[in-house]
Amino acid sequence: MTHDFPPLREPTFFILLSISTEKKHGYAILQDVETLSRGKIRLSNGTLYGALTRLQDQGLIERVASDEAQTGGKPRKAYRLTQDGLAVLRAEVARLNGLVQIARLHLPEGT
């Protein structure tokens with residue numbers, strides 16, 4: 001399945017990375033993406049939830065009940081990586097590592 005996916009866009013990469021170790025609700029993902037990207041990526045709610053819907057449709061993540069409740073007592077919606085999502089994320093990390101290795105071989109010393 002992973003060979004069917006093009007390189008991930010940065011926001012998608014950081015969303016998948018955010019939920020790679022535990023399920024999270026939307027606001028936690030927003031905060032995590034900003035932290036993981038060192039402030040480079042700040043997603044709006046609309047952008048995040050559009051991406052989450054697309055990733056669900058692709059089978060890379062799934063929506064699950066959160067352990068935390070919203071105001072009013074209803075459980076929050078949380079998201080977690082599927083096995084396919086983890087495979088795609090690992091493939092992207094390997095692709096990026098390959099690019100870095102090539103760059104290190106070809107860049108002059110000290111750059």
# chains A, B, ... in the order shown; residues from 1 in each chain; ligands from 1
>>> select_by_dssp(residues="chain A", states="strand (DSSP E or B)", output="CSV table (one decimal) with N, CA and C atoms, in the first residue's frame")
chain,number,residue,atom,x,y,z
A,24,LYS,N,-5.4,11.1,19.7
A,24,LYS,CA,-5.5,12.5,20.2
A,24,LYS,C,-6.7,13.1,19.6
A,25,HIS,N,-7.3,14.1,20.3
A,25,HIS,CA,-8.4,14.9,19.8
A,25,HIS,C,-7.9,16.0,18.9
A,61,ILE,N,-5.9,6.9,9.0
A,61,ILE,CA,-6.3,7.2,10.4
A,61,ILE,C,-7.7,6.7,10.6
A,62,GLU,N,-8.1,6.6,11.9
A,62,GLU,CA,-9.5,6.3,12.2
A,62,GLU,C,-9.9,7.1,13.4
A,63,ARG,N,-11.2,7.4,13.4
A,63,ARG,CA,-11.8,8.2,14.5
A,63,ARG,C,-12.2,7.2,15.6
A,64,VAL,N,-11.9,7.5,16.8
A,64,VAL,CA,-12.2,6.7,17.9
A,64,VAL,C,-12.7,7.6,19.1
A,65,ALA,N,-13.4,7.0,20.1
A,65,ALA,CA,-13.8,7.8,21.2
A,65,ALA,C,-12.6,8.2,22.0
A,66,SER,N,-12.6,9.4,22.5
A,66,SER,CA,-11.5,9.9,23.4
A,66,SER,C,-11.8,9.5,24.8
A,67,ASP,N,-10.7,9.5,25.6
A,67,ASP,CA,-10.9,9.3,27.1
A,67,ASP,C,-11.4,10.5,27.8
A,68,GLU,N,-11.3,11.7,27.1
A,68,GLU,CA,-11.7,12.9,27.7
A,68,GLU,C,-13.1,13.3,27.2
A,69,ALA,N,-13.9,13.9,28.1
A,69,ALA,CA,-15.2,14.4,27.7
A,69,ALA,C,-15.2,15.8,27.4
A,75,PRO,N,-18.3,12.3,24.8
A,75,PRO,CA,-16.9,12.0,24.6
A,75,PRO,C,-16.4,12.8,23.4
A,76,ARG,N,-15.2,13.3,23.5
A,76,ARG,CA,-14.5,14.0,22.4
A,76,ARG,C,-14.2,12.9,21.3
A,77,LYS,N,-14.1,13.4,20.1
A,77,LYS,CA,-13.6,12.5,19.0
A,77,LYS,C,-12.1,12.6,19.0
A,78,ALA,N,-11.5,11.4,18.9
A,78,ALA,CA,-10.1,11.3,18.9
A,78,ALA,C,-9.7,10.6,17.6
A,79,TYR,N,-8.5,10.7,17.2
A,79,TYR,CA,-8.0,10.0,16.0
A,79,TYR,C,-6.7,9.2,16.3
A,80,ARG,N,-6.6,8.1,15.6
A,80,ARG,CA,-5.4,7.3,15.8
A,80,ARG,C,-4.9,6.8,14.4
A,81,LEU,N,-3.7,6.4,14.3
A,81,LEU,CA,-3.1,5.9,13.1
A,81,LEU,C,-3.5,4.5,12.9
>>> residues_around(residues="region 85-99 of chain A", least_positions_apart="2", cutoff="9 Å", atoms="only C-alpha atoms", output="PDB file with C-alpha atoms, in the first residue's frame")
ATOM      1  CA  MET A   1       0.000   0.000   0.000  1.00  0.00           C
ATOM      2  CA  THR A   2       2.756   2.478   0.824  1.00  0.00           C
ATOM      3  CA  HIS A   3       4.050   2.545  -2.750  1.00  0.00           C
ATOM      4  CA  PHE A   5       1.256   7.203  -1.860  1.00  0.00           C
ATOM      5  CA  PRO A   7       5.500  12.071  -0.827  1.00  0.00           C
ATOM      6  CA  LEU A   8       3.542  13.521   2.083  1.00  0.00           C
ATOM      7  CA  PHE A  13       3.421  14.354   7.794  1.00  0.00           C
ATOM      8  CA  LEU A  16       0.405  11.516  11.189  1.00  0.00           C
ATOM      9  CA  LEU A  17       3.475  11.948  13.378  1.00  0.00           C
ATOM     10  CA  SER A  20       1.790   7.930  15.832  1.00  0.00           C
ATOM     11  CA  LEU A  55      -6.807  10.786   5.888  1.00  0.00           C
ATOM     12  CA  GLN A  58      -7.545   7.067   2.611  1.00  0.00           C
ATOM     13  CA  GLY A  59      -7.558   4.579   5.499  1.00  0.00           C
ATOM     14  CA  LEU A  60      -4.505   6.122   7.177  1.00  0.00           C
ATOM     15  CA  ILE A  61      -6.276   7.161  10.383  1.00  0.00           C
ATOM     16  CA  LEU A  81      -3.084   5.918  13.119  1.00  0.00           C
ATOM     17  CA  THR A  82      -4.076   2.715  11.328  1.00  0.00           C
ATOM     18  CA  GLN A  83      -1.511   0.071  10.390  1.00  0.00           C
ATOM     19  CA  GLN A 101      21.997  10.962   2.974  1.00  0.00           C
ATOM     20  CA  ILE A 102      22.288  11.955  -0.692  1.00  0.00           C
ATOM     21  CA  ALA A 103      22.584  15.632   0.244  1.00  0.00           C
ATOM     22  CA  ARG A 104      25.321  14.892   2.778  1.00  0.00           C
TER      23      ARG A 104
END
>>> atom_distance(atom1="CA of Leu30 (chain A)", atom2="CA of Arg9 (chain A)")
15.8 Å
>>> select_by_dssp(residues="chain A", states="alpha helix (DSSP H)", output="PyMOL selection string")
chain A and resi 10-18+26-36+45-57+83-106
>>> write_last_selection(atoms="C-alpha atoms", output="compact mmCIF listing (two decimals), in the first residue's frame")
# COMPACT_ATOMS: atom_id res chain seq x y z
CA GLU A 10 4.44 18.69 5.57
CA PRO A 11 1.10 19.25 7.35
CA THR A 12 0.06 15.67 6.60
CA PHE A 13 3.42 14.35 7.79
CA PHE A 14 3.13 16.21 11.10
CA ILE A 15 -0.52 15.19 11.62
CA LEU A 16 0.41 11.52 11.19
CA LEU A 17 3.47 11.95 13.38
CA SER A 18 1.35 13.60 16.07
CA GLY A 26 -8.32 17.67 17.23
CA TYR A 27 -7.12 20.47 19.50
CA ALA A 28 -4.27 18.32 20.82
CA ILE A 29 -3.26 17.53 17.22
CA LEU A 30 -3.28 21.26 16.37
CA GLN A 31 -0.98 22.01 19.29
CA ASP A 32 1.26 19.04 18.60
CA VAL A 33 1.70 19.89 14.91
CA GLU A 34 2.79 23.40 15.83
CA THR A 35 5.24 22.06 18.43
CA LEU A 36 6.63 19.27 16.23
CA ASN A 45 -9.52 24.16 12.49
CA GLY A 46 -10.96 23.90 8.98
CA THR A 47 -7.66 22.81 7.47
CA LEU A 48 -7.09 20.23 10.20
CA TYR A 49 -10.54 18.68 10.02
CA GLY A 50 -10.44 18.64 6.22
CA ALA A 51 -7.12 16.80 6.40
CA LEU A 52 -8.44 14.40 9.05
CA THR A 53 -11.43 13.56 6.85
CA ARG A 54 -9.16 12.97 3.84
CA LEU A 55 -6.81 10.79 5.89
CA GLN A 56 -9.77 8.75 7.17
CA ASP A 57 -11.02 8.30 3.60
CA GLN A 83 -1.51 0.07 10.39
CA ASP A 84 -1.55 1.45 6.84
CA GLY A 85 -1.03 4.96 8.21
CA LEU A 86 1.96 3.80 10.22
CA ALA A 87 3.41 2.08 7.16
CA VAL A 88 2.99 5.24 5.06
CA LEU A 89 4.58 7.37 7.80
CA ARG A 90 7.53 4.99 8.11
CA ALA A 91 7.98 4.97 4.33
CA GLU A 92 8.01 8.77 4.30
CA VAL A 93 10.62 8.89 7.07
CA ALA A 94 12.77 6.44 5.08
CA ARG A 95 12.34 8.57 1.93
CA LEU A 96 13.37 11.73 3.79
CA ASN A 97 16.37 9.98 5.36
CA GLY A 98 17.44 8.88 1.89
CA LEU A 99 17.31 12.46 0.64
CA VAL A 100 19.37 13.67 3.59
CA GLN A 101 22.00 10.96 2.97
CA ILE A 102 22.29 11.96 -0.69
CA ALA A 103 22.58 15.63 0.24
CA ARG A 104 25.32 14.89 2.78
CA LEU A 105 27.33 13.04 0.15
CA HIS A 106 27.11 15.89 -2.35
>>> decode(residues="region 71-107 of chain A", atoms="N, CA and C atoms", output="short mmCIF file (atom, residue, chain, number, x, y, z; two decimals), in the first residue's frame")
data_model
loop_
_atom_site.label_atom_id
_atom_site.label_comp_id
_atom_site.auth_asym_id
_atom_site.auth_seq_id
_atom_site.Cartn_x
_atom_site.Cartn_y
_atom_site.Cartn_z
N THR A 71 -17.34 19.55 27.08
CA THR A 71 -18.31 20.22 27.92
C THR A 71 -19.67 19.65 27.55
N GLY A 72 -20.44 19.27 28.52
CA GLY A 72 -21.73 18.65 28.25
C GLY A 72 -21.69 17.14 28.41
N GLY A 73 -20.51 16.58 28.64
CA GLY A 73 -20.40 15.17 28.96
C GLY A 73 -20.22 14.22 27.79
N LYS A 74 -20.37 14.69 26.54
CA LYS A 74 -20.18 13.79 25.41
C LYS A 74 -18.69 13.53 25.21
N PRO A 75 -18.33 12.30 24.84
CA PRO A 75 -16.91 12.04 24.60
C PRO A 75 -16.40 12.82 23.39
N ARG A 76 -15.17 13.30 23.49
CA ARG A 76 -14.54 13.97 22.35
C ARG A 76 -14.20 12.94 21.29
N LYS A 77 -14.10 13.40 20.07
CA LYS A 77 -13.65 12.54 18.99
C LYS A 77 -12.13 12.57 18.98
N ALA A 78 -11.54 11.41 18.91
CA ALA A 78 -10.09 11.31 18.86
C ALA A 78 -9.72 10.56 17.58
N TYR A 79 -8.46 10.65 17.23
CA TYR A 79 -7.97 10.03 16.00
C TYR A 79 -6.72 9.24 16.33
N ARG A 80 -6.58 8.11 15.62
CA ARG A 80 -5.36 7.32 15.78
C ARG A 80 -4.93 6.78 14.42
N LEU A 81 -3.67 6.45 14.34
CA LEU A 81 -3.08 5.92 13.12
C LEU A 81 -3.54 4.48 12.91
N THR A 82 -3.83 4.12 11.67
CA THR A 82 -4.08 2.72 11.33
C THR A 82 -2.73 2.06 11.00
N GLN A 83 -2.74 0.76 10.80
CA GLN A 83 -1.51 0.07 10.39
C GLN A 83 -1.01 0.60 9.05
N ASP A 84 -1.95 0.87 8.12
CA ASP A 84 -1.55 1.45 6.84
C ASP A 84 -0.96 2.84 7.03
N GLY A 85 -1.54 3.62 7.93
CA GLY A 85 -1.03 4.96 8.21
C GLY A 85 0.38 4.91 8.77
N LEU A 86 0.62 3.96 9.66
CA LEU A 86 1.96 3.80 10.22
C LEU A 86 2.96 3.39 9.14
N ALA A 87 2.53 2.51 8.25
CA ALA A 87 3.41 2.08 7.16
C ALA A 87 3.74 3.25 6.23
N VAL A 88 2.75 4.08 5.92
CA VAL A 88 2.99 5.24 5.06
C VAL A 88 3.92 6.23 5.76
N LEU A 89 3.71 6.46 7.05
CA LEU A 89 4.58 7.37 7.80
C LEU A 89 6.01 6.85 7.84
N ARG A 90 6.18 5.57 8.09
CA ARG A 90 7.53 4.99 8.11
C ARG A 90 8.20 5.09 6.73
N ALA A 91 7.43 4.86 5.68
CA ALA A 91 7.98 4.97 4.33
C ALA A 91 8.42 6.40 4.04
N GLU A 92 7.65 7.37 4.51
CA GLU A 92 8.01 8.77 4.30
C GLU A 92 9.28 9.13 5.07
N VAL A 93 9.41 8.64 6.29
CA VAL A 93 10.62 8.89 7.07
C VAL A 93 11.83 8.28 6.35
N ALA A 94 11.68 7.08 5.82
CA ALA A 94 12.77 6.44 5.08
C ALA A 94 13.12 7.25 3.83
N ARG A 95 12.11 7.76 3.13
CA ARG A 95 12.34 8.57 1.93
C ARG A 95 13.12 9.83 2.29
N LEU A 96 12.69 10.51 3.36
CA LEU A 96 13.37 11.73 3.79
C LEU A 96 14.80 11.45 4.23
N ASN A 97 15.00 10.35 4.95
CA ASN A 97 16.37 9.98 5.36
C ASN A 97 17.25 9.74 4.15
N GLY A 98 16.69 9.11 3.12
CA GLY A 98 17.44 8.88 1.89
C GLY A 98 17.87 10.18 1.23
N LEU A 99 16.97 11.16 1.21
CA LEU A 99 17.31 12.46 0.64
C LEU A 99 18.42 13.14 1.43
N VAL A 100 18.34 13.05 2.74
CA VAL A 100 19.37 13.67 3.59
C VAL A 100 20.73 12.99 3.35
N GLN A 101 20.74 11.67 3.23
CA GLN A 101 22.00 10.96 2.97
C GLN A 101 22.62 11.39 1.64
N ILE A 102 21.79 11.51 0.61
CA ILE A 102 22.29 11.96 -0.69
C ILE A 102 22.85 13.37 -0.59
N ALA A 103 22.13 14.25 0.09
CA ALA A 103 22.58 15.63 0.24
C ALA A 103 23.92 15.69 0.98
N ARG A 104 24.06 14.88 2.01
CA ARG A 104 25.32 14.89 2.78
C ARG A 104 26.50 14.44 1.92
N LEU A 105 26.25 13.52 1.02
CA LEU A 105 27.33 13.04 0.15
C LEU A 105 27.75 14.09 -0.88
N HIS A 106 26.84 14.96 -1.25
CA HIS A 106 27.11 15.89 -2.35
C HIS A 106 27.37 17.32 -1.92
N LEU A 107 27.05 17.66 -0.71
CA LEU A 107 27.31 19.03 -0.24
C LEU A 107 28.76 19.18 0.17
#
